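> Structure file input21.txt (compact mmCIF, C-alpha atoms) right here:
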```txt
# COMPACT_ATOMS: atom_id res chain seq x y z
CA MET A 1 0.00 0.00 0.00
CA SER A 2 1.39 3.41 -0.92
CA ALA A 3 1.74 6.16 1.67
CA SER A 4 -1.14 8.60 2.01
CA PRO A 5 -0.53 11.85 0.13
CA ARG A 6 0.17 15.07 2.01
CA PRO A 7 -3.18 16.90 1.96
CA GLU A 8 -3.12 20.22 0.10
CA VAL A 9 -6.64 21.41 1.03
CA GLU A 10 -8.45 21.14 4.36
CA LEU A 11 -12.25 20.96 4.33
CA SER A 12 -14.84 21.00 7.08
CA LEU A 13 -17.58 18.40 6.91
CA THR A 14 -20.03 21.13 5.86
CA GLN A 15 -17.75 22.13 2.99
CA ALA A 16 -17.33 18.49 1.96
CA ARG A 17 -21.11 18.02 1.83
CA SER A 18 -21.45 21.11 -0.31
CA VAL A 19 -18.76 19.92 -2.71
CA ALA A 20 -20.31 16.45 -2.96
CA VAL A 21 -23.88 17.63 -3.60
CA ALA A 22 -22.86 20.29 -6.11
CA ALA A 23 -20.76 17.73 -7.98
CA VAL A 24 -23.46 15.08 -8.32
CA PHE A 25 -26.00 17.62 -9.60
CA PRO A 26 -24.37 19.12 -12.70
CA PRO A 27 -24.57 22.83 -13.53
CA GLY A 28 -27.67 24.22 -15.22
CA ASP A 29 -26.03 24.31 -18.65
CA ARG A 30 -26.04 20.48 -18.61
CA ALA A 31 -29.80 20.16 -18.76
CA ASP A 32 -30.51 17.32 -21.18
CA VAL A 33 -30.16 13.55 -21.01
CA PRO A 34 -26.88 13.17 -22.97
CA SER A 35 -25.24 15.98 -21.01
CA VAL A 36 -26.29 14.67 -17.60
CA LEU A 37 -25.29 11.14 -18.56
CA GLY A 38 -21.95 12.48 -19.75
CA HIS A 39 -21.42 14.20 -16.42
CA LEU A 40 -22.37 11.19 -14.27
CA HIS A 41 -20.64 8.64 -16.56
CA ALA A 42 -22.74 5.81 -15.10
CA VAL A 43 -26.45 5.68 -14.22
CA GLN A 44 -27.56 2.55 -12.41
CA LEU A 45 -30.37 0.38 -13.77
CA ASP A 46 -32.96 -1.59 -11.83
CA SER A 47 -36.18 -3.36 -12.77
CA ILE A 48 -38.41 -2.09 -9.92
CA SER A 49 -40.94 0.38 -11.33
CA VAL A 50 -43.31 1.10 -8.43
CA LEU A 51 -42.32 4.79 -8.61
CA ALA A 52 -40.24 4.90 -11.78
CA ARG A 53 -37.25 3.04 -13.13
CA ALA A 54 -33.98 3.84 -11.38
CA HIS A 55 -32.34 5.47 -14.40
CA GLN A 56 -35.42 7.58 -15.08
CA LEU A 57 -35.32 9.06 -11.58
CA THR A 58 -31.58 9.69 -11.60
CA LEU A 59 -31.66 11.52 -14.93
CA ALA A 60 -35.00 13.32 -14.66
CA THR A 61 -34.26 14.80 -11.24
CA ARG A 62 -31.30 16.64 -12.80
CA ILE A 63 -33.20 18.09 -15.76
CA PRO A 64 -35.70 20.90 -15.07
CA HIS A 65 -39.30 19.93 -15.90
CA ALA A 66 -38.26 16.55 -17.36
CA THR A 67 -40.53 13.53 -17.08
CA THR A 68 -39.60 9.86 -17.00
CA GLY A 69 -41.04 9.57 -20.52
CA ASP A 70 -38.74 12.35 -21.72
CA VAL A 71 -35.77 10.41 -20.39
CA ASP A 72 -36.56 7.19 -22.23
CA ALA A 73 -37.44 9.06 -25.42
CA ALA A 74 -34.02 10.73 -25.37
CA LEU A 75 -32.23 7.45 -24.67
CA ASN A 76 -33.98 5.59 -27.49
CA SER A 77 -34.13 8.21 -30.24
CA GLY A 78 -30.51 9.08 -30.94
CA SER A 79 -28.31 7.74 -33.72
CA PRO A 80 -25.82 6.70 -32.56
CA PRO A 81 -27.47 5.87 -29.22
CA ALA A 82 -26.63 7.90 -26.13
CA ALA A 83 -25.44 5.00 -23.98
CA PHE A 84 -24.56 1.34 -23.70
CA VAL A 85 -25.39 -0.97 -20.79
CA TYR A 86 -22.40 -2.17 -18.81
CA PRO A 87 -21.47 -3.22 -15.23
CA ALA A 88 -19.66 0.06 -14.57
CA HIS A 89 -20.84 -0.09 -10.95
CA ALA A 90 -23.84 -2.35 -10.86
CA LEU A 91 -25.46 -2.70 -14.30
CA SER A 92 -25.57 0.86 -15.59
CA LEU A 93 -26.10 3.14 -18.54
CA VAL A 94 -22.69 4.40 -19.67
CA PRO A 95 -22.03 7.13 -22.27
CA LEU A 96 -20.97 5.70 -25.61
CA ALA A 97 -17.76 7.72 -25.53
CA ASP A 98 -16.58 5.76 -22.47
CA TRP A 99 -16.52 2.39 -24.28
CA PRO A 100 -12.68 2.37 -24.70
CA LEU A 101 -12.13 3.00 -20.97
CA TRP A 102 -13.81 -0.25 -19.92
CA ALA A 103 -11.30 -2.35 -21.88
CA PHE A 104 -9.69 -3.35 -18.57
CA ARG A 105 -12.92 -5.01 -17.41
CA ARG A 106 -13.58 -6.62 -20.78
CA ARG A 107 -10.12 -8.20 -20.70
CA HIS A 108 -10.56 -9.41 -17.12
CA THR A 109 -13.99 -10.91 -17.91
CA ARG A 110 -12.46 -13.14 -20.59
CA THR A 111 -10.28 -14.77 -17.92
CA ARG A 112 -13.14 -15.58 -15.53
CA PRO A 113 -14.34 -19.20 -15.21
CA GLN A 114 -17.95 -18.11 -15.92
CA TYR A 115 -17.01 -16.79 -19.37
CA PRO A 116 -18.84 -19.07 -21.84
CA ASP A 117 -16.89 -21.46 -24.02
CA THR A 118 -16.10 -20.87 -27.69
CA ARG A 119 -18.96 -23.01 -28.95
CA GLN A 120 -21.65 -21.25 -26.90
CA ARG A 121 -20.31 -17.81 -27.80
CA ALA A 122 -20.19 -18.66 -31.48
CA ALA A 123 -23.78 -19.96 -31.49
CA LEU A 124 -25.16 -16.82 -29.85
CA ILE A 125 -23.16 -14.49 -32.06
CA ALA A 126 -24.27 -16.37 -35.21
CA ARG A 127 -27.93 -16.11 -34.19
CA ILE A 128 -27.70 -12.37 -33.50
CA ARG A 129 -25.72 -11.75 -36.69
CA ALA A 130 -28.41 -13.50 -38.72
CA ASP A 131 -31.55 -12.21 -36.99
CA GLY A 132 -30.49 -8.79 -35.73
CA PRO A 133 -30.65 -7.42 -32.17
CA LEU A 134 -32.62 -9.81 -29.94
CA PRO A 135 -33.97 -9.82 -26.36
CA LEU A 136 -33.17 -12.57 -23.88
CA ARG A 137 -36.56 -14.24 -24.39
CA SER A 138 -35.75 -14.83 -28.07
CA LEU A 139 -32.31 -16.26 -27.35
CA ARG A 140 -33.13 -18.71 -24.56
CA THR A 141 -32.71 -22.36 -25.48
CA GLU A 142 -33.28 -24.03 -22.09
CA GLN A 143 -36.71 -25.40 -21.22
CA THR A 144 -36.83 -24.12 -17.65
CA ILE A 145 -36.96 -20.35 -17.35
CA THR A 146 -35.28 -19.00 -14.26
CA THR A 147 -36.82 -15.97 -12.60
CA GLY A 148 -35.83 -13.63 -9.80
CA TRP A 149 -32.16 -13.56 -8.83
CA GLY A 150 -31.29 -16.81 -10.60
CA TRP A 151 -29.62 -16.83 -14.00
CA GLY A 152 -30.25 -19.59 -16.49
CA PRO A 153 -27.44 -20.74 -18.81
CA THR A 154 -28.39 -18.41 -21.67
CA LYS A 155 -28.72 -15.32 -19.51
CA ALA A 156 -25.40 -16.06 -17.80
CA ALA A 157 -23.67 -16.48 -21.16
CA LEU A 158 -25.16 -13.27 -22.55
CA GLU A 159 -24.24 -11.22 -19.48
CA PHE A 160 -20.63 -12.36 -19.53
CA MET A 161 -20.43 -11.76 -23.27
CA VAL A 162 -21.65 -8.20 -22.70
CA TRP A 163 -19.08 -7.73 -19.96
CA ALA A 164 -16.38 -9.10 -22.27
CA GLY A 165 -17.44 -6.89 -25.20
CA ASP A 166 -18.51 -9.77 -27.47
CA LEU A 167 -22.02 -8.27 -27.42
CA ALA A 168 -23.40 -4.83 -26.62
CA CYS A 169 -26.77 -3.45 -25.50
CA THR A 170 -27.82 0.03 -26.57
CA ARG A 171 -31.58 -0.40 -27.25
CA TYR A 172 -34.68 -1.80 -25.57
CA THR A 173 -37.93 -3.38 -26.66
CA SER A 174 -40.86 -3.77 -24.23
CA GLY A 175 -38.50 -3.04 -21.35
CA GLN A 176 -36.01 -5.76 -22.37
CA ARG A 177 -32.46 -5.11 -23.51
CA LEU A 178 -31.60 -5.99 -27.09
CA PHE A 179 -28.34 -7.91 -27.47
CA ASP A 180 -26.42 -6.88 -30.56
CA LEU A 181 -22.98 -7.10 -32.13
CA PRO A 182 -20.77 -4.20 -30.98
CA GLU A 183 -19.77 -3.36 -34.55
CA ARG A 184 -23.42 -2.69 -35.39
CA CYS A 185 -24.20 -0.33 -32.49
CA ILE A 186 -20.93 1.15 -31.23
CA PRO A 187 -19.21 3.69 -33.53
CA ARG A 188 -16.15 2.19 -35.19
CA GLN A 189 -13.76 4.78 -33.79
CA LEU A 190 -14.69 3.72 -30.25
CA LEU A 191 -14.25 -0.04 -30.74
CA ASP A 192 -10.77 -0.04 -29.32
CA ASP A 193 -9.32 -2.17 -26.53
CA SER A 194 -5.76 -0.85 -26.88
CA LEU A 195 -5.68 1.26 -23.70
CA ASP A 196 -3.83 -0.52 -20.92
CA ASP A 197 -5.42 -1.11 -17.53
CA GLY A 198 -3.59 1.74 -15.83
CA ILE A 199 -4.72 4.35 -18.35
CA CYS A 200 -8.30 3.04 -18.30
CA LEU A 201 -8.54 3.15 -14.54
CA THR A 202 -6.79 6.50 -14.12
CA ARG A 203 -9.26 8.15 -16.46
CA LEU A 204 -12.21 6.38 -14.87
CA LEU A 205 -11.11 7.54 -11.42
CA GLU A 206 -11.10 11.10 -12.76
CA HIS A 207 -14.57 10.54 -14.20
CA ALA A 208 -15.77 9.23 -10.85
CA ALA A 209 -14.46 12.37 -9.20
CA THR A 210 -16.54 14.59 -11.47
CA THR A 211 -19.61 12.95 -9.92
CA LEU A 212 -18.40 12.35 -6.36
CA GLY A 213 -16.68 15.71 -6.06
CA LEU A 214 -14.48 14.17 -3.41
CA GLY A 215 -14.01 10.82 -1.76
CA THR A 216 -11.73 8.46 0.11
CA VAL A 217 -9.84 5.60 -1.50
CA ASP A 218 -12.67 3.25 -0.49
CA ASP A 219 -15.28 5.58 -2.01
CA TYR A 220 -13.55 5.52 -5.39
CA ALA A 221 -12.94 1.79 -5.22
CA ASP A 222 -16.63 1.15 -4.55
CA TYR A 223 -17.72 3.53 -7.31
CA LEU A 224 -15.79 1.58 -9.96
CA ARG A 225 -16.01 -1.80 -8.18
CA ILE A 226 -12.25 -2.19 -8.09
CA ARG A 227 -9.92 -3.19 -5.25
CA PRO A 228 -9.05 -0.44 -2.75
CA ALA A 229 -5.36 -1.26 -3.22
CA THR A 230 -5.73 -0.56 -6.96
CA ALA A 231 -7.48 2.76 -6.33
CA GLU A 232 -4.84 3.78 -3.77
CA ARG A 233 -2.02 2.97 -6.19
CA LEU A 234 -3.54 4.90 -9.10
CA LEU A 235 -5.08 7.97 -7.45
CA PRO A 236 -1.71 9.76 -7.22
CA ARG A 237 -1.41 9.43 -11.03
CA THR A 238 -4.67 11.31 -11.60
CA ALA A 239 -5.30 15.04 -11.85
CA LEU A 240 -7.19 14.94 -8.54
CA THR A 241 -6.26 17.10 -5.56
CA PRO A 242 -5.33 15.54 -2.20
CA VAL A 243 -7.55 16.91 0.56
CA THR A 244 -8.29 16.23 4.18
CA VAL A 245 -11.88 16.24 5.44
CA GLN A 246 -12.93 16.72 9.05
CA GLY A 247 -13.60 13.29 10.52
CA TRP A 248 -12.42 11.41 7.43
CA GLY A 249 -8.69 11.96 7.16
CA SER A 250 -7.16 11.97 3.69
CA ALA A 251 -9.27 12.04 0.54
CA TRP A 252 -9.12 13.11 -3.10
CA ALA A 253 -11.15 15.85 -4.79
CA HIS A 254 -11.73 16.92 -8.37
CA PRO A 255 -10.18 20.41 -8.72
CA ALA A 256 -13.24 21.75 -10.56
CA ALA A 257 -15.57 20.44 -7.83
CA LEU A 258 -13.84 22.56 -5.19
CA GLY A 259 -15.08 25.72 -6.91
CA ARG A 260 -18.68 24.76 -7.67
CA PRO A 261 -21.77 26.56 -6.28
CA GLU A 262 -22.97 25.99 -2.76
CA ALA A 263 -25.22 22.95 -2.39
CA ALA A 264 -27.85 25.08 -0.63
CA LEU A 265 -28.70 26.65 -4.00
CA TRP A 266 -30.35 23.42 -5.18
CA ALA A 267 -34.12 22.95 -4.79
CA PRO A 268 -35.38 20.15 -2.50
CA VAL A 269 -35.45 16.81 -4.32
CA PHE A 270 -36.20 13.18 -3.57
CA VAL A 271 -33.14 11.11 -4.43
CA GLY A 272 -33.92 7.69 -5.92
CA PRO A 273 -32.58 4.70 -3.96
CA PHE A 274 -30.15 3.94 -6.82
CA ASP A 275 -28.92 7.52 -7.24
CA ASN A 276 -25.16 8.06 -7.60
CA LEU A 277 -25.13 10.26 -4.48
CA ILE A 278 -26.01 7.33 -2.22
CA TRP A 279 -24.32 4.34 -3.90
CA HIS A 280 -21.78 3.82 -1.10
CA ARG A 281 -23.49 3.62 2.29
CA PRO A 282 -20.37 4.32 4.41
CA ARG A 283 -19.83 7.55 2.45
CA VAL A 284 -23.48 8.56 2.94
CA GLN A 285 -23.06 8.04 6.68
CA ARG A 286 -19.81 10.04 6.76
CA LEU A 287 -21.18 12.92 4.67
CA PHE A 288 -24.70 13.26 6.00
CA GLY A 289 -24.96 11.24 9.22
CA PHE A 290 -27.71 9.38 7.33
CA THR A 291 -28.16 5.61 7.41
CA GLN A 292 -29.07 4.57 3.88
CA VAL A 293 -30.93 1.27 3.59
CA PHE A 294 -32.80 -0.39 0.73
CA GLU A 295 -35.51 -2.68 2.04
CA ALA A 296 -37.50 -3.68 -1.05
CA TYR A 297 -36.13 -7.22 -0.89
CA LYS A 298 -36.89 -7.68 2.81
CA PRO A 299 -40.18 -9.19 4.03
CA ALA A 300 -42.67 -6.40 4.69
CA ALA A 301 -42.66 -7.02 8.44
CA ARG A 302 -38.91 -6.37 8.61
CA ARG A 303 -38.95 -3.02 6.79
CA ALA A 304 -38.34 0.00 8.98
CA HIS A 305 -39.00 2.67 6.35
CA GLY A 306 -40.94 0.98 3.55
CA TYR A 307 -40.58 -0.65 0.15
CA TYR A 308 -39.21 1.98 -2.26
CA VAL A 309 -37.72 4.64 -0.03
CA CYS A 310 -36.24 7.87 -1.33
CA PRO A 311 -34.14 10.20 0.85
CA LEU A 312 -35.04 13.90 0.76
CA LEU A 313 -32.13 16.19 -0.13
CA ALA A 314 -32.57 19.83 0.88
CA ASP A 315 -30.11 22.59 1.72
CA GLY A 316 -27.23 20.21 1.13
CA ARG A 317 -28.40 17.65 3.71
CA LEU A 318 -30.45 14.45 3.75
CA ILE A 319 -33.26 15.45 6.11
CA ALA A 320 -36.11 12.95 5.59
CA ARG A 321 -37.18 9.87 3.66
CA ALA A 322 -40.38 8.58 2.12
CA ASP A 323 -41.75 5.32 0.74
CA LEU A 324 -43.30 6.46 -2.54
CA ALA A 325 -45.32 4.96 -5.37
CA SER A 326 -46.79 6.35 -8.56
CA THR A 327 -49.92 5.00 -10.26
CA SER A 328 -52.62 6.34 -12.56
CA ALA A 329 -54.23 7.74 -9.41
CA GLY A 330 -51.18 9.89 -8.65
CA LEU A 331 -48.16 9.98 -6.35
CA THR A 332 -48.75 8.21 -3.02
CA ILE A 333 -46.75 8.68 0.18
CA HIS A 334 -46.98 5.34 1.96
CA GLN A 335 -44.59 6.15 4.78
CA ALA A 336 -42.54 9.17 5.81
CA SER A 337 -40.08 10.13 8.51
CA PHE A 338 -37.90 13.11 9.33
CA GLU A 339 -34.29 12.85 10.48
CA PRO A 340 -33.51 13.94 14.07
CA HIS A 341 -31.58 16.98 12.81
CA ALA A 342 -34.39 18.11 10.47
CA GLY A 343 -35.58 21.66 11.07
CA PRO A 344 -39.04 23.27 11.09
CA GLU A 345 -38.88 23.89 7.34
CA THR A 346 -38.71 20.14 6.58
CA ALA A 347 -42.43 19.70 5.83
CA ALA A 348 -42.28 22.55 3.29
CA HIS A 349 -39.19 21.03 1.65
CA PHE A 350 -40.91 17.64 1.62
CA ALA A 351 -44.00 19.07 -0.09
CA SER A 352 -41.93 20.96 -2.65
CA ALA A 353 -39.99 17.80 -3.55
CA CYS A 354 -43.28 15.84 -3.81
CA ARG A 355 -44.69 18.32 -6.31
CA THR A 356 -41.55 18.10 -8.42
CA LEU A 357 -41.57 14.30 -8.29
CA ALA A 358 -45.25 14.16 -9.19
CA THR A 359 -44.53 16.18 -12.34
CA THR A 360 -41.55 13.94 -13.11
CA THR A 361 -43.75 10.83 -12.93
CA GLY A 362 -46.52 12.41 -15.00
CA THR A 363 -49.12 13.40 -12.44
CA HIS A 364 -50.26 16.38 -10.36
CA ARG A 365 -52.13 14.41 -7.71
CA ILE A 366 -50.44 13.69 -4.40
CA SER A 367 -51.91 11.70 -1.51
CA ILE A 368 -50.56 10.67 1.86
CA GLU A 369 -51.81 7.61 3.69
CA ALA A 370 -53.39 8.16 7.10
CA ASP A 371 -50.74 6.10 8.90
CA ALA A 372 -47.76 7.30 6.87
CA ALA A 373 -46.12 8.89 9.91
CA ASP A 374 -46.81 9.90 13.49
CA PRO A 375 -49.86 12.22 13.80
CA PRO A 376 -47.92 15.52 14.12
CA THR A 377 -45.73 14.72 11.10
CA THR A 378 -48.70 13.57 9.02
CA ALA A 379 -50.60 16.74 9.93
CA ALA A 380 -47.63 18.93 9.02
CA LEU A 381 -47.25 17.19 5.67
CA ARG A 382 -50.95 17.44 4.85
CA LYS A 383 -50.85 21.16 5.60
CA ALA A 384 -47.71 21.69 3.48
CA LEU A 385 -49.16 19.71 0.58
CA ARG A 386 -52.38 21.75 0.43
```
Please re-express this file's structure in C-alpha cells.


Amino acid sequence: MSASPRPEVELSLTQARSVAVAAVFPPGDRADVPSVLGHLHAVQLDSISVLARAHQLTLATRIPHATTGDVDAALNSGSPPAAFVYPAHALSLVPLADWPLWAFRRRHTRTRPQYPDTRQRAALIARIRADGPLPLRSLRTEQTITTGWGWGPTKAALEFMVWAGDLACTRYTSGQRLFDLPERCIPRQLLDDSLDDGICLTRLLEHAATTLGLGTVDDYADYLRIRPATAERLLPRTALTPVTVQGWGSAWAHPAALGRPEAALWAPVFVGPFDNLIWHRPRVQRLFGFTQVFEAYKPAARRAHGYYVCPLLADGRLIARADLASTSAGLTIHQASFEPHAGPETAAHFASACRTLATTTGTHRISIEADAADPPTTAALRKALR
C-alpha cells in the first residue's frame, strides 16, 4: 500500500457536503439527457418500477421539468445511441464515448471461469448476426426459465459476453435489452481495446471524481467496483487534488468540484434509492450522518422505512425519507419520517420535492396515507401539501 498523500486542502464536513452535492448535480447548462449522462458517466439500472425506473429518476431529477417519458425518449431516439449498458458499478447506462475505458474489465472478464466457451459464444453471435438485435426471451434455449435472482445458462452467457465486449446493448424493446454485435451499435472509432489497464482506470477515477466531487480511497474503489489497493495505487497518477476532510482523514477531490456553487442553491429533491449520491453507504453516513438502507427485498414485516424509499435532499443535507409509489391515481406517500436533525422547514421542503416528483412521474395528484407517519408529522405534511 502506498503512503497517504500530504493533503493540500483542508475541508470542514459542511464544505465536503457542499462539494459532494454540487458535484453530483451538474450545472444548469447540462440540462438534457446526454449531457447529464456524460457528467455522471454511469447511471444505475434496476427493474423495480413502483415509482419509476432507477435510471429515469436519476436523470429526470437533474433536468428541469423533465418527465420519465422524456428520459426514455431521449435514450432511445438518438443515432448513434446515447449510452450502452455495462457493469460500470452495478449494471448501468454508460455514455458511448466511455466504451474504450472499460477495456480493462472486458479483458478481465475473458479470464473468468464463468465466461462461456467458444462453442456457446459462437452460437449466440451467429444467431444475433443472422436475426439482428434480440432480447433474452428470443435467445433462450433451455426449457426451464429461471426468474428472480437466478440466472439460467443463456442469460449467464449473454451477461458475460456483454461484460467481455462480445455483445453490446444500446436499445430496448418492451423493457427488455436488445443484445447486438458491438460493430453494429458502437461507432467504429470507439471499438478499441488498446488502452492498458492503468490508463483506463486512471481516467475512470477522474470521471468518478466529477460525480463524487471528493471521496476516500474506499469511495472511489466502490464507485468503480475495483480493489481499494488498486485505487490507492492509481489515485496519485490522476489530476485529482489531495484533501483532508474533518472526521475522514485523507481524501481526493476533483479540482473543478472545489469551486462549484454551494449545495444550498439546489431545490429540494427526492433522491432515488439507486442515485449516484447514495451508492456507497459508508460515504453517505460520513457525509450526512444518514443511514441509507434499501428494504425492497426484505419481508414487509422487517422493513423499517418501507418498500421503495427515497431520501429527501434539501439545503445540502439528507433530512427525511419517504416510501413512494406512482400509479394512474397519482403519487402516493406510503410512509414518511424526518431525520432527528431536520428543522421546522422540513415539511415545506418535503411538499416541494413531492410536487416536483409528481410532475416527473406524470401526475399532479399527491396523496398521503393516514398512517404514513406519526400524527404531528402527518398533519404537518398534509398542511404543506395543500

> Just the number, please: distance in Å from CA of Arg17 in chain A to CA of Leu59 in chain A, one decimal.

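Interatomic distance, CA of Arg17 in chain A to CA of Leu59 in chain A: 20.8 Å.
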
> Quick one: residues within 12 Å of Ser35 in chain A, all atoms listed in the file, excluding same-chain residues fewer than 6 positions away - as an mmCIF file with C-alpha atoms, in the frame of the given file?


```cif
data_model
loop_
_atom_site.group_PDB
_atom_site.id
_atom_site.type_symbol
_atom_site.label_atom_id
_atom_site.label_comp_id
_atom_site.auth_asym_id
_atom_site.auth_seq_id
_atom_site.Cartn_x
_atom_site.Cartn_y
_atom_site.Cartn_z
ATOM 1 C CA PHE A 25 -26.000 17.620 -9.600
ATOM 2 C CA PRO A 26 -24.370 19.120 -12.700
ATOM 3 C CA PRO A 27 -24.570 22.830 -13.530
ATOM 4 C CA GLY A 28 -27.670 24.220 -15.220
ATOM 5 C CA ASP A 29 -26.030 24.310 -18.650
ATOM 6 C CA HIS A 41 -20.640 8.640 -16.560
ATOM 7 C CA LEU A 59 -31.660 11.520 -14.930
ATOM 8 C CA ALA A 60 -35.000 13.320 -14.660
ATOM 9 C CA ARG A 62 -31.300 16.640 -12.800
ATOM 10 C CA ILE A 63 -33.200 18.090 -15.760
ATOM 11 C CA VAL A 71 -35.770 10.410 -20.390
ATOM 12 C CA ALA A 74 -34.020 10.730 -25.370
ATOM 13 C CA LEU A 75 -32.230 7.450 -24.670
ATOM 14 C CA ALA A 82 -26.630 7.900 -26.130
ATOM 15 C CA ALA A 83 -25.440 5.000 -23.980
ATOM 16 C CA VAL A 94 -22.690 4.400 -19.670
ATOM 17 C CA PRO A 95 -22.030 7.130 -22.270
#
```

> Give me the residues within 7 Å of Ala164 in chain A as a list in words, counting all atoms listed in the file and dropping any in the same chain fewer than 6 places off.

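Returned residues: Arg106, Arg107, Thr109 and Arg110 of chain A.
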
> For Pro87 in chain A, list every protein, DNA or RNA residue within 10 Å, evaluated using only C-alpha atoms, and leave out those in the same chain fewer than 4 positions away; present the list as a ChimeraX atom specification.

/A:42,44-45,91-94,102,105,159,162-163,224-225

> For those residues, write C-alpha atoms to a file as a compact mmCIF listing (two decimals), in the frame of the given file.


```txt
# COMPACT_ATOMS: atom_id res chain seq x y z
CA ALA A 42 -22.74 5.81 -15.10
CA GLN A 44 -27.56 2.55 -12.41
CA LEU A 45 -30.37 0.38 -13.77
CA LEU A 91 -25.46 -2.70 -14.30
CA SER A 92 -25.57 0.86 -15.59
CA LEU A 93 -26.10 3.14 -18.54
CA VAL A 94 -22.69 4.40 -19.67
CA TRP A 102 -13.81 -0.25 -19.92
CA ARG A 105 -12.92 -5.01 -17.41
CA GLU A 159 -24.24 -11.22 -19.48
CA VAL A 162 -21.65 -8.20 -22.70
CA TRP A 163 -19.08 -7.73 -19.96
CA LEU A 224 -15.79 1.58 -9.96
CA ARG A 225 -16.01 -1.80 -8.18
```

> Given the choices A:Arg302, A:Arg121, A:Arg177, A:His65, which gets closest to Leu134 in chain A if the distance is worked out from all atoms listed in the file?

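Smallest distance to Leu134 in chain A is found for A:Arg177.
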
> Name the residues in contact with Ala253 in chain A at a cut-off of 8 Å, using all atoms listed in the file, excluding same-chain residues fewer than 6 positions from it; report them as a ChimeraX atom specification.

/A:209,213-215,240-243

> Report, in Å to a single decimal, how far apart CA of Val269 in chain A and CA of His55 in chain A are.

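Answer for the CA of His55 in chain A to CA of Val269 in chain A separation: 15.5 Å.
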
> Please determine the residues with any atom at most 8 Å from (-49.1, 20.4, -5.2) (coordinates as given in the file, with only C-alpha atoms counting) and report them as a VMD selection string.

chain A and resid 351 to 352 354 to 355 364 to 366 385 to 386

> Any chance you can output those residues with C-alpha atoms as a PDB file, in the frame of the given file?


```
ATOM      1  CA  ALA A 351     -44.000  19.070  -0.090  1.00  0.00           C
ATOM      2  CA  SER A 352     -41.930  20.960  -2.650  1.00  0.00           C
ATOM      3  CA  CYS A 354     -43.280  15.840  -3.810  1.00  0.00           C
ATOM      4  CA  ARG A 355     -44.690  18.320  -6.310  1.00  0.00           C
ATOM      5  CA  HIS A 364     -50.260  16.380 -10.360  1.00  0.00           C
ATOM      6  CA  ARG A 365     -52.130  14.410  -7.710  1.00  0.00           C
ATOM      7  CA  ILE A 366     -50.440  13.690  -4.400  1.00  0.00           C
ATOM      8  CA  LEU A 385     -49.160  19.710   0.580  1.00  0.00           C
ATOM      9  CA  ARG A 386     -52.380  21.750   0.430  1.00  0.00           C
TER      10      ARG A 386
END
```

> Identify the residues around (-23.2, 20.7, 1.6) within a radius of 6 Å, measuring from only C-alpha atoms in the coordinates stated by the file, and give them as number ranges by chain.

A: 14-15, 17-18, 263, 316

> Rounded to one decimal, what separation in Å do you get between CA of Val21 in chain A and CA of Val85 in chain A?

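Separating CA of Val21 in chain A from CA of Val85 in chain A is a distance of 25.4 Å.
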
> Could you check which of A:Gly165, A:Gly272, A:Pro299, A:Gly343 is closest to Tyr86 in chain A, using all atoms listed in the file?

A:Gly165

> Go ahead and fit an axis-aligned box to every listed atom of range 316-323 of chain A plus 8 Å each side, and pass me the centre and edge lengths in Å, one decimal, as lines of an AutoDock Vina configuration file.


```
center_x = -34.5
center_y = 12.8
center_z = 3.4
size_x = 30.5
size_y = 30.9
size_z = 21.4
```

> Rank nothing, just name the residue among A:Thr356, A:Thr238, A:Gln335, A:Thr210 nearest to Leu277 in chain A, using all atoms listed in the file.

A:Thr210

> For each of A:Val50, A:Ala97, A:Ala380, A:Leu181, take the minimum atom-to-atom distance to Ala126 in chain A, counting all atoms listed in the file, then give the residue where this is smallest.

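Smallest separation from Ala126 in chain A among the options: A:Leu181.
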
> Taking 4 positions as the minimum chain separation for residues in the same chain, which residues sit within 7 Å of Thr363 in chain A when counting only C-alpha atoms? Answer as a list of chain:residue names.

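The filter keeps A:Gly330, A:Ala358, A:Thr359.
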
> Find the residue from A:Ala22, A:Ile333, A:Ala122, A:Ala130 that sits nearest to Leu357 in chain A; use all atoms listed in the file when measuring.

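Looking at the shortest contact to Leu357 in chain A, the residue is A:Ile333.
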
> Under the rule that only C-alpha atoms are counted, which of A:Leu205, A:Ala90, A:Leu57, A:Ala66 is the nearest residue to Asp32 in chain A?

A:Ala66
